[in-house]
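To be precise, the following lines are protein.cif, and they hold mmCIF, C-alpha atoms.
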```
data_model
#
loop_
_atom_site.label_atom_id
_atom_site.label_comp_id
_atom_site.auth_asym_id
_atom_site.auth_seq_id
_atom_site.Cartn_x
_atom_site.Cartn_y
_atom_site.Cartn_z
CA MET A 1 -20.33 1.82 11.57
CA ALA A 2 -20.27 0.31 15.07
CA GLN A 3 -20.21 -3.13 13.49
CA ASN A 4 -17.14 -2.15 11.45
CA LEU A 5 -15.38 -0.96 14.60
CA ASP A 6 -16.22 -4.23 16.35
CA GLN A 7 -14.88 -6.18 13.38
CA THR A 8 -11.69 -4.09 13.35
CA GLN A 9 -11.14 -4.77 17.03
CA THR A 10 -11.73 -8.49 16.45
CA ASP A 11 -9.29 -8.57 13.53
CA ARG A 12 -6.62 -6.80 15.59
CA SER A 13 -6.90 -9.41 18.32
CA ILE A 14 -5.97 -12.14 15.84
CA ASN A 15 -2.26 -12.80 15.41
CA ASP A 16 -1.11 -10.55 12.57
CA SER A 17 0.71 -13.41 10.84
CA ASN A 18 -2.64 -15.21 10.48
CA LEU A 19 -4.28 -12.29 8.70
CA SER A 20 -3.91 -11.90 4.96
CA PHE A 21 -2.26 -8.77 3.64
CA LEU A 22 -5.48 -7.09 2.50
CA LYS A 23 -7.29 -7.93 5.74
CA LYS A 24 -4.42 -6.31 7.66
CA VAL A 25 -4.83 -3.15 5.59
CA GLN A 26 -8.61 -3.25 6.03
CA ALA A 27 -8.38 -3.71 9.80
CA GLU A 28 -5.60 -1.17 10.40
CA ALA A 29 -7.27 1.55 8.32
CA GLY A 30 -10.80 0.80 9.52
CA LEU A 31 -12.02 0.25 5.97
CA PRO A 32 -15.54 -1.11 5.39
CA ASP A 33 -14.54 -3.79 2.91
CA ILE A 34 -11.60 -5.62 1.46
CA TYR A 35 -12.07 -4.11 -2.01
CA ASP A 36 -11.37 -0.68 -0.52
CA ALA A 37 -8.19 -2.16 0.99
CA ARG A 38 -7.12 -3.46 -2.43
CA ASP A 39 -7.87 -0.27 -4.33
CA LEU A 40 -6.27 2.04 -1.76
CA THR A 41 -3.19 -0.17 -1.48
CA ILE A 42 -2.69 0.16 -5.24
CA ILE A 43 -2.87 3.96 -4.97
CA VAL A 44 -0.43 4.12 -2.05
CA TYR A 45 1.94 1.82 -3.94
CA ARG A 46 1.71 3.93 -7.11
CA THR A 47 2.59 7.03 -5.10
CA MET A 48 5.49 5.24 -3.41
CA ARG A 49 6.83 3.95 -6.76
CA ASP A 50 6.82 7.47 -8.16
CA LEU A 51 9.38 8.43 -5.50
CA MET A 52 11.68 5.49 -6.28
CA ASP A 53 14.19 4.73 -8.97
CA ASN A 54 13.50 1.67 -11.12
CA LYS A 55 15.99 -0.54 -9.30
CA THR A 56 14.41 0.12 -5.89
CA ALA A 57 10.88 -0.35 -7.22
CA SER A 58 11.83 -3.66 -8.89
CA GLY A 59 13.52 -4.84 -5.70
CA VAL A 60 10.40 -4.15 -3.67
CA GLU A 61 8.25 -6.04 -6.16
CA SER A 62 10.56 -9.06 -6.03
CA GLU A 63 10.15 -9.30 -2.25
CA LEU A 64 6.35 -9.00 -2.33
CA LYS A 65 5.68 -12.44 -3.82
CA VAL A 66 3.26 -13.39 -1.04
CA PRO A 67 -0.52 -13.88 -1.23
CA ALA A 68 -2.56 -10.73 -0.71
CA GLU A 69 -5.68 -12.76 -0.03
CA GLN A 70 -6.58 -16.44 -0.01
CA THR A 71 -9.89 -16.68 -1.84
CA LYS A 72 -11.60 -18.22 -4.82
CA ASN A 73 -12.64 -14.73 -5.95
CA LYS A 74 -10.33 -13.89 -8.87
CA ARG A 75 -10.58 -10.14 -8.16
CA LEU A 76 -8.90 -10.72 -4.79
CA ASN A 77 -6.81 -13.85 -5.32
CA LEU A 78 -3.49 -12.23 -6.12
CA GLU A 79 -0.02 -11.57 -4.78
CA VAL A 80 1.01 -8.38 -3.07
CA ALA A 81 3.52 -7.95 -5.92
CA GLU A 82 0.56 -7.64 -8.30
CA LEU A 83 -0.74 -4.75 -6.21
CA TRP A 84 2.71 -3.14 -6.39
CA ARG A 85 3.10 -3.54 -10.16
CA ASP A 86 1.63 -0.85 -12.42
CA THR A 87 -1.15 -2.46 -14.42
CA ASN A 88 -1.28 0.26 -17.08
CA PRO A 89 1.32 -0.79 -19.70
CA PHE A 90 1.85 2.74 -21.00
CA VAL A 91 2.36 4.23 -17.53
CA ALA A 92 4.68 1.35 -16.61
CA TRP A 93 6.73 1.98 -19.76
CA ILE A 94 6.96 5.74 -19.08
CA SER A 95 7.92 5.05 -15.46
CA ASN A 96 10.86 2.97 -16.67
CA LEU A 97 12.11 5.87 -18.78
CA ARG A 98 11.76 8.79 -16.37
CA PRO A 99 13.73 9.42 -13.20
CA SER A 100 12.03 9.23 -9.83
CA LEU A 101 9.75 12.14 -9.01
CA GLN A 102 10.43 14.54 -6.18
CA PHE A 103 7.50 15.71 -4.06
CA ASP A 104 6.83 16.40 -0.39
CA ASP A 105 4.77 14.61 2.24
CA LYS A 106 1.78 16.93 1.75
CA THR A 107 1.65 16.01 -1.93
CA PHE A 108 1.87 12.30 -1.03
CA ILE A 109 -1.12 12.62 1.34
CA TYR A 110 -3.00 14.81 -1.14
CA ARG A 111 -2.61 12.22 -3.88
CA ILE A 112 -4.05 9.46 -1.68
CA SER A 113 -6.94 11.75 -0.68
CA GLN A 114 -7.73 12.74 -4.26
CA GLU A 115 -7.20 9.44 -6.05
CA GLY A 116 -8.47 7.16 -3.33
CA SER A 117 -12.22 7.78 -2.98
CA LEU A 118 -11.75 7.37 0.76
CA PRO A 119 -14.73 6.10 2.74
CA ALA A 120 -16.28 8.50 5.26
CA ASN A 121 -14.34 8.71 8.52
CA VAL A 122 -11.17 7.24 6.99
CA SER A 123 -8.25 9.59 6.42
CA ALA A 124 -5.46 9.32 3.89
CA GLU A 125 -3.02 9.14 6.80
CA GLN A 126 -4.84 6.09 8.24
CA VAL A 127 -4.69 4.34 4.88
CA ILE A 128 -1.02 5.14 4.35
CA LYS A 129 -0.11 3.86 7.82
CA ALA A 130 -2.16 0.68 7.30
CA VAL A 131 -0.55 -0.11 3.94
CA PHE A 132 2.89 0.58 5.40
CA PHE A 133 2.17 -1.69 8.40
CA ALA A 134 1.10 -4.59 6.18
CA THR A 135 3.91 -4.03 3.67
CA LYS A 136 6.75 -3.88 6.17
CA ALA A 137 5.75 -7.32 7.48
CA GLU A 138 6.60 -8.74 4.03
CA LEU A 139 9.96 -7.05 3.42
CA SER A 140 13.55 -7.59 4.49
CA SER A 141 15.16 -5.06 6.81
CA GLU A 142 17.42 -3.96 3.95
CA LYS A 143 14.46 -3.20 1.69
CA ILE A 144 12.64 -1.42 4.54
CA ALA A 145 15.66 0.88 4.99
CA GLU A 146 15.96 1.43 1.25
CA ILE A 147 12.32 2.50 1.00
CA ALA A 148 12.68 4.85 3.97
CA ASN A 149 15.39 6.72 2.05
CA CYS A 150 12.92 7.45 -0.75
CA LEU A 151 10.12 8.86 1.37
CA PRO A 152 9.66 12.53 2.31
CA GLY A 153 9.10 14.07 5.76
CA GLN A 154 6.04 12.83 7.61
CA ILE A 155 5.58 9.91 5.19
CA LYS A 156 9.01 8.63 6.16
CA THR A 157 7.96 8.89 9.83
CA PHE A 158 4.79 6.90 9.06
CA TRP A 159 6.96 4.25 7.39
CA GLU A 160 9.43 4.06 10.26
CA ASN A 161 6.63 3.82 12.86
CA ALA A 162 4.58 1.21 10.99
#
```
Encoded form using structure tokens:
Amino acid sequence: MAQNLDQTQTDRSINDSNLSFLKKVQAEAGLPDIYDARDLTIIVYRTMRDLMDNKTASGVESELKVPAEQTKNKRLNLEVAELWRDTNPFVAWISNLRPSLQFDDKTFIYRISQEGSLPANVSAEQVIKAVFFATKAELSSEKIAEIANCLPGQIKTFWENA
């Protein structure tokens, strides 16, 4: 664990623009590996999308056409937009038909906690803040404001402070 903390501190000292998206998430959340960063980002994004109408969700995806990680490993070599996009075709189809969901900040955090298989000593709040921090660096100020309007209570505060 001490080694992970040392690595996190080292990663934070590097200019954020030189870190890949997933490494930013990993460092900010204190996650043990980059695969956790990928999987938890997908869960946070799914929860965010559920709060958005289709137009907003599509607009976010269109701005996230940046590399998530530069690697030869196919499981990591993808764009942030691919993390945003729902990979289950049936769920994606249903999402296009239904209106945005309405739930509070406690439900948002609960979903990350329950779906995320969080590593020991990492909270859902840490993960949410880390994903928000990395995501906001890739979006226009207009899209950042649009997303803020979709988020409830404390989650909106996390977004604004990221």
Handout entry: Given only C-alpha atoms as the counted atoms, nearest of A:Asn88, A:Thr107, A:Ser141, A:Asn161 to Ile42 of chain A
Key = A:Asn88
Handout entry: Pick from A:Ala57, A:Ile109, A:Cys150, A:Ala124 nearest to Ala92 of chain A, counting all atoms listed in the file
Key =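 Looking at the shortest contact to Ala92 of chain A, the residue is A:Ala57.
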Exercise for the section: Quick one: residues within 9 Å of (-0.2, 5.3, 1.6) (file frame), counting only C-alpha atoms, please, as a PyMOL selection string. Expected result: chain A and resi 40-45+47-48+108-109+112+124-132+155
Export C-alpha atoms of the chosen residues as a short mmCIF file (atom, residue, chain, number, x, y, z; two decimals), keeping the file's coordinate frame?
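Everything below was put into again_32.cif:
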```
data_model
loop_
_atom_site.label_atom_id
_atom_site.label_comp_id
_atom_site.auth_asym_id
_atom_site.auth_seq_id
_atom_site.Cartn_x
_atom_site.Cartn_y
_atom_site.Cartn_z
CA LEU A 40 -6.27 2.04 -1.76
CA THR A 41 -3.19 -0.17 -1.48
CA ILE A 42 -2.69 0.16 -5.24
CA ILE A 43 -2.87 3.96 -4.97
CA VAL A 44 -0.43 4.12 -2.05
CA TYR A 45 1.94 1.82 -3.94
CA THR A 47 2.59 7.03 -5.10
CA MET A 48 5.49 5.24 -3.41
CA PHE A 108 1.87 12.30 -1.03
CA ILE A 109 -1.12 12.62 1.34
CA ILE A 112 -4.05 9.46 -1.68
CA ALA A 124 -5.46 9.32 3.89
CA GLU A 125 -3.02 9.14 6.80
CA GLN A 126 -4.84 6.09 8.24
CA VAL A 127 -4.69 4.34 4.88
CA ILE A 128 -1.02 5.14 4.35
CA LYS A 129 -0.11 3.86 7.82
CA ALA A 130 -2.16 0.68 7.30
CA VAL A 131 -0.55 -0.11 3.94
CA PHE A 132 2.89 0.58 5.40
CA ILE A 155 5.58 9.91 5.19
#
```
Exercise for the section: Could you tell me which residues the PyMOL selection byres ((chain A and resi 62) around 12) grabs in this file, written as a VMD selection string? Expected result: chain A and resid 55 to 61 63 to 66 79 to 82 84 to 85 138 to 140 143
Handout entry: Pairwise distance for atom CA of Gly153 of chain A and atom CA of Phe103 of chain A, rounded to one decimal in Å
Key =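 Atom CA of Gly153 of chain A sits 10.1 Å away from atom CA of Phe103 of chain A.
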Exercise for the section: Kindly indicate which residue among A:Ala120, A:Leu151, A:Leu97, A:Leu83 lies nearest to Leu31 of chain A, using only C-alpha atoms for the distances. Expected result: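 Looking at the shortest contact to Leu31 of chain A, the residue is A:Ala120.
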Starting from the shown file, work through the PyMOL selection byres ((chain A and resi 100) around 6) and note down what comes out as a PDB file with C-alpha atoms, in the coordinates of the input.
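Final file, expr24.pdb:
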```
ATOM      1  CA  ASP A  50       6.820   7.470  -8.160  1.00  0.00           C
ATOM      2  CA  LEU A  51       9.380   8.430  -5.500  1.00  0.00           C
ATOM      3  CA  MET A  52      11.680   5.490  -6.280  1.00  0.00           C
ATOM      4  CA  ASP A  53      14.190   4.730  -8.970  1.00  0.00           C
ATOM      5  CA  PRO A  99      13.730   9.420 -13.200  1.00  0.00           C
ATOM      6  CA  LEU A 101       9.750  12.140  -9.010  1.00  0.00           C
TER       7      LEU A 101
END
```
Handout entry: Nearest candidate to Phe158 of chain A (options A:Asp39, A:Glu115, A:Asp33, A:Asp105; using all atoms listed in the file)
Key =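 Under the stated criterion, the closest residue is A:Asp105.
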Fill in the blank from the handout: Min atom-atom distance to Ala137 of chain A from the set A:Arg38, A:Asn54, A:Trp159, A:Gln102, counting all atoms listed in the file, belongs to A:Trp159
Exercise for the section: Give me, please, the distance in Å between atom CA of Tyr110 of chain A and atom CA of Arg49 of chain A, quoted to one decimal. Expected result: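 Between atom CA of Tyr110 of chain A and atom CA of Arg49 of chain A the gap works out to 15.7 Å.
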